[in-house]
file input.cif (mmCIF, C-alpha atoms)
data_data
#
loop_
_atom_site.label_atom_id
_atom_site.label_comp_id
_atom_site.auth_asym_id
_atom_site.auth_seq_id
_atom_site.Cartn_x
_atom_site.Cartn_y
_atom_site.Cartn_z
CA MET Z 1 -84.03 3.12 -39.10
CA GLY Z 2 -85.41 5.70 -36.72
CA VAL Z 3 -87.56 3.27 -34.71
CA GLU Z 4 -84.81 0.66 -34.38
CA ASN Z 5 -82.30 3.28 -33.25
CA ALA Z 6 -84.77 4.45 -30.63
CA LEU Z 7 -85.20 0.91 -29.27
CA TYR Z 8 -81.52 0.15 -28.73
CA ASP Z 9 -78.82 2.08 -26.91
CA ALA Z 10 -75.84 3.12 -28.95
CA LEU Z 11 -72.44 1.95 -27.79
CA GLY Z 12 -70.61 4.36 -25.56
CA ARG Z 13 -73.76 6.06 -24.33
CA GLY Z 14 -74.36 6.75 -20.68
CA ARG Z 15 -72.16 7.76 -17.85
CA ASN Z 16 -69.15 5.61 -17.07
CA ALA Z 17 -68.96 4.08 -13.61
CA GLU Z 18 -66.97 6.26 -11.25
CA ILE Z 19 -66.14 3.47 -8.83
CA THR Z 20 -64.36 0.46 -10.29
CA ASP Z 21 -64.89 -3.14 -9.26
CA GLU Z 22 -61.45 -3.11 -7.64
CA GLU Z 23 -62.46 -0.13 -5.50
CA LYS Z 24 -65.71 -1.85 -4.55
CA ALA Z 25 -63.76 -4.96 -3.58
CA TRP Z 26 -61.52 -2.83 -1.37
CA ILE Z 27 -64.54 -1.36 0.43
CA ILE Z 28 -66.08 -4.82 0.86
CA ASN Z 29 -62.78 -6.17 2.17
CA ILE Z 30 -62.65 -3.45 4.85
CA ALA Z 31 -66.30 -4.05 5.76
CA CYS Z 32 -65.61 -7.77 6.21
CA GLN Z 33 -63.06 -7.08 8.90
CA LYS Z 34 -63.78 -6.00 12.44
CA PRO Z 35 -63.19 -2.33 13.31
CA ILE Z 36 -61.10 -3.47 16.26
CA ASP Z 37 -58.52 -4.76 13.73
CA PHE Z 38 -58.02 -1.14 12.62
CA GLY Z 39 -57.67 0.25 16.14
CA TYR Z 40 -61.28 1.28 16.72
CA ALA Z 41 -63.10 0.44 19.95
CA ALA Z 42 -66.32 -0.61 18.22
CA GLU Z 43 -67.16 -4.27 17.72
CA THR Z 44 -69.08 -3.68 14.46
CA TRP Z 45 -69.00 -1.07 11.73
CA THR Z 46 -71.55 1.68 11.34
CA TYR Z 47 -71.91 3.05 7.83
CA THR Z 48 -70.67 6.43 9.10
CA LYS Z 49 -67.56 4.97 10.74
CA LEU Z 50 -66.83 2.70 7.75
CA THR Z 51 -67.17 5.64 5.35
CA SER Z 52 -64.95 7.80 7.55
CA HIS Z 53 -62.30 5.06 7.69
CA ASN Z 54 -62.47 4.58 3.91
CA ASN Z 55 -62.14 8.34 3.33
CA GLN Z 56 -59.06 8.52 5.57
CA THR Z 57 -57.23 5.47 4.23
CA ALA Z 58 -58.29 5.25 0.57
CA GLU Z 59 -55.65 7.54 -0.88
CA ALA Z 60 -52.82 5.74 0.90
CA ALA Z 61 -54.20 2.45 -0.46
CA GLY Z 62 -54.15 3.84 -4.01
CA PHE Z 63 -57.86 4.62 -4.33
CA THR Z 64 -57.94 8.40 -4.57
CA ARG Z 65 -61.55 8.50 -5.77
CA LEU Z 66 -62.73 6.80 -2.56
CA SER Z 67 -61.30 9.55 -0.33
CA THR Z 68 -64.45 11.59 -0.99
CA ILE Z 69 -67.01 8.79 -1.11
CA HIS Z 70 -70.35 9.38 0.61
CA LYS Z 71 -72.03 7.14 3.18
CA SER Z 72 -74.94 6.37 0.85
CA THR Z 73 -72.52 5.08 -1.80
CA VAL Z 74 -70.85 2.77 0.72
CA HIS Z 75 -74.30 1.57 1.77
CA THR Z 76 -75.25 0.88 -1.87
CA ILE Z 77 -72.02 -1.05 -2.57
CA LEU Z 78 -72.44 -3.21 0.53
CA ASP Z 79 -76.15 -3.70 -0.11
CA GLU Z 80 -75.46 -4.93 -3.66
CA ALA Z 81 -72.99 -7.44 -2.18
CA ASP Z 82 -75.53 -8.41 0.52
CA ILE Z 83 -73.12 -7.41 3.29
CA LYS Z 84 -74.37 -6.00 6.56
CA PRO Z 85 -71.35 -5.03 8.65
CA HIS Z 86 -73.49 -3.58 11.43
CA LYS Z 87 -74.90 -6.98 12.38
CA ILE Z 88 -73.16 -8.50 15.39
CA THR Z 89 -73.24 -12.14 14.31
CA TYR Z 90 -72.43 -11.44 10.68
CA TYR Z 91 -68.97 -11.35 9.17
CA CYS Z 92 -68.19 -12.11 5.57
CA GLU Z 93 -65.58 -14.78 5.72
CA ASN Z 94 -63.05 -16.61 7.78
CA ARG Z 95 -59.71 -14.87 7.22
CA ASP Z 96 -57.42 -17.72 6.27
CA PRO Z 97 -53.83 -16.50 5.78
CA ASP Z 98 -53.28 -19.25 3.19
CA PHE Z 99 -56.45 -18.39 1.24
CA ASP Z 100 -54.66 -17.12 -1.88
CA SER Z 101 -52.52 -20.23 -2.30
CA LYS Z 102 -55.48 -22.52 -1.60
CA MET Z 103 -57.61 -20.62 -4.12
CA HIS Z 104 -54.82 -20.94 -6.69
CA ASN Z 105 -54.63 -24.71 -6.15
CA VAL Z 106 -58.40 -25.16 -6.52
CA LEU Z 107 -58.48 -23.08 -9.70
CA LEU Z 108 -55.54 -25.07 -11.03
CA VAL Z 109 -57.46 -28.31 -10.51
CA TYR Z 110 -60.42 -26.90 -12.45
CA LYS Z 111 -58.13 -25.79 -15.27
CA GLN Z 112 -56.50 -29.21 -15.41
CA LEU Z 113 -59.93 -30.83 -15.51
CA GLU Z 114 -60.98 -28.51 -18.34
CA MET Z 115 -57.92 -29.56 -20.35
CA GLN Z 116 -59.05 -33.21 -20.14
CA PHE Z 117 -62.01 -32.63 -22.50
CA ASN Z 118 -61.98 -32.23 -26.28
CA GLU Z 119 -64.13 -29.81 -28.31
CA ASN Z 120 -67.02 -32.33 -28.27
CA GLY Z 121 -66.98 -32.47 -24.48
CA GLU Z 122 -65.58 -35.99 -24.43
CA LEU Z 123 -62.93 -37.04 -21.95
CA ILE Z 124 -59.48 -37.31 -23.54
CA VAL Z 125 -57.69 -40.49 -22.48
CA SER Z 126 -54.02 -40.94 -23.33
CA ASP Z 127 -52.08 -44.15 -22.92
CA ASP Z 128 -48.87 -42.40 -21.88
CA THR Z 129 -50.48 -40.07 -19.33
CA PRO Z 130 -52.44 -41.87 -16.64
CA ILE Z 131 -55.36 -40.15 -14.97
CA HIS Z 132 -55.58 -40.41 -11.19
CA ILE Z 133 -58.88 -39.67 -9.51
CA LEU Z 134 -59.32 -39.57 -5.77
CA SER Z 135 -62.90 -39.40 -4.60
CA TYR Z 136 -64.41 -39.58 -1.17
CA ASP Z 137 -67.98 -39.18 -2.47
CA GLU Z 138 -68.56 -40.59 -5.92
CA SER Z 139 -71.91 -38.90 -6.40
CA GLN Z 140 -70.32 -35.47 -5.89
CA VAL Z 141 -67.56 -36.15 -8.42
CA TYR Z 142 -70.08 -37.51 -10.92
CA ARG Z 143 -72.26 -34.41 -10.56
CA LEU Z 144 -69.20 -32.18 -10.88
CA LEU Z 145 -68.14 -33.91 -14.09
CA GLN Z 146 -71.68 -33.63 -15.48
CA GLN Z 147 -71.84 -29.94 -14.60
CA HIS Z 148 -68.39 -29.30 -16.06
CA HIS Z 149 -69.41 -31.11 -19.25
CA ARG Z 150 -72.55 -28.94 -19.60
CA ILE Z 151 -70.55 -25.74 -18.98
CA TYR Z 152 -67.86 -26.81 -21.45
CA ARG Z 153 -70.46 -27.45 -24.16
CA ARG Z 154 -72.17 -24.12 -23.48
CA ILE Z 155 -68.86 -22.24 -23.75
CA GLN Z 156 -68.00 -24.06 -26.96
CA SER Z 157 -71.39 -23.21 -28.51
CA ILE Z 158 -70.94 -19.55 -27.60
CA LEU Z 159 -67.45 -19.41 -29.09
CA GLN Z 160 -68.54 -20.95 -32.39
#
call {"tool": "encode", "arguments": {"input": "input.cif", "output": "structure tokens"}}
result
Amino acid sequence: MGVENALYDALGRGRNAEITDEEKAWIINIACQKPIDFGYAAETWTYTKLTSHNNQTAEAAGFTRLSTIHKSTVHTILDEADIKPHKITYYCENRDPDFDSKMHNVLLVYKQLEMQFNENGELIVSDDTPIHILSYDESQVYRLLQQHHRIYRRIQSILQ
């Protein structure tokens, strides 16, 4: 009993994370935007300026803990996400104003596809509900279906 307890951590041990994933996402979101969008003259963020901006605006955004965050913590969060806001040619993403609705539609398609398989990973075909498939590259769709089938089977084996 003593040796096995020494080899494994007990549940609830260790320090809880002070910065939540939501707070990290907020920092990353700011870093992925140009400082000029926030009224600064700089073209790219420095870690000092990004930290200062986060400290000043975090509480108003509902992230009180981030109002005292240190530059090294911001650096660590961005480094873990492989984001380098100080690079001139590097920005995280194209800011599409319709991104949320497009993301919802894509996720909905995946959910609908998932509902077309039974517990054995076989495609469910119903006579009263036709299935319409539009494909511009058959090899991509075939690979997607194969990958989905493998993922579905893996999830089912984990749940059982």
call {"tool": "closest_residue", "arguments": {"input": "input.cif", "among": "Z:Gln56, Z:Ile27, Z:Asp127, Z:Leu113", "to": "Z:Val74", "atoms": "all atoms listed in the file"}}
result
Z:Ile27
call {"tool": "closest_residue", "arguments": {"input": "input.cif", "among": "Z:Glu119, Z:Asp37, Z:Glu59, Z:Glu43", "to": "Z:Glu23", "atoms": "all atoms listed in the file"}}
result
Z:Glu59
call {"tool": "residues_near_point", "arguments": {"input": "input.cif", "point": "(-61.5, 7.1, -11.8)", "cutoff": "7 Å", "atoms": "only C-alpha atoms", "output": "list in words"}}
result
Glu18, Ile19 and Arg65 of chain Z
call {"tool": "atom_distance", "arguments": {"input": "input.cif", "atom1": "atom CA of Z:Pro97", "atom2": "atom CA of Z:Gln33"}}
result
13.6 Å
call {"tool": "atom_distance", "arguments": {"input": "input.cif", "atom1": "atom CA of Z:Lys34", "atom2": "atom CA of Z:His104"}}
result
25.9 Å
call {"tool": "closest_residue", "arguments": {"input": "input.cif", "among": "Z:Glu22, Z:Tyr40, Z:Val125, Z:Met115", "to": "Z:Leu66", "atoms": "all atoms listed in the file"}}
result
Z:Glu22
call {"tool": "resolve_selection", "arguments": {"input": "input.cif", "expression": "the PyMOL selection byres ((chain Z and resi 70) around 10)", "output": "list of chain:residue names"}}
result
Z:Tyr47, Z:Thr48, Z:Thr51, Z:Ser52, Z:Asn54, Z:Asn55, Z:Leu66, Z:Ser67, Z:Thr68, Z:Ile69, Z:Lys71, Z:Ser72, Z:Thr73, Z:Val74, Z:His75
call {"tool": "write_last_selection", "arguments": {"input": "input.cif", "atoms": "C-alpha atoms", "output": "mmCIF file, keeping the file's coordinate frame"}}
result
data_model
loop_
_atom_site.group_PDB
_atom_site.id
_atom_site.type_symbol
_atom_site.label_atom_id
_atom_site.label_comp_id
_atom_site.auth_asym_id
_atom_site.auth_seq_id
_atom_site.Cartn_x
_atom_site.Cartn_y
_atom_site.Cartn_z
ATOM 1 C CA TYR Z 47 -71.910 3.050 7.830
ATOM 2 C CA THR Z 48 -70.670 6.430 9.100
ATOM 3 C CA THR Z 51 -67.170 5.640 5.350
ATOM 4 C CA SER Z 52 -64.950 7.800 7.550
ATOM 5 C CA ASN Z 54 -62.470 4.580 3.910
ATOM 6 C CA ASN Z 55 -62.140 8.340 3.330
ATOM 7 C CA LEU Z 66 -62.730 6.800 -2.560
ATOM 8 C CA SER Z 67 -61.300 9.550 -0.330
ATOM 9 C CA THR Z 68 -64.450 11.590 -0.990
ATOM 10 C CA ILE Z 69 -67.010 8.790 -1.110
ATOM 11 C CA LYS Z 71 -72.030 7.140 3.180
ATOM 12 C CA SER Z 72 -74.940 6.370 0.850
ATOM 13 C CA THR Z 73 -72.520 5.080 -1.800
ATOM 14 C CA VAL Z 74 -70.850 2.770 0.720
ATOM 15 C CA HIS Z 75 -74.300 1.570 1.770
#
call {"tool": "atom_distance", "arguments": {"input": "input.cif", "atom1": "atom CA of Z:Thr20", "atom2": "atom CA of Z:Asp79"}}
result
16.1 Å
call {"tool": "resolve_selection", "arguments": {"input": "input.cif", "expression": "the PyMOL selection byres ((chain Z and resi 28) around 9)", "output": "PyMOL selection string"}}
result
chain Z and resi 23-27+29-33+74+77-78+81+83+92
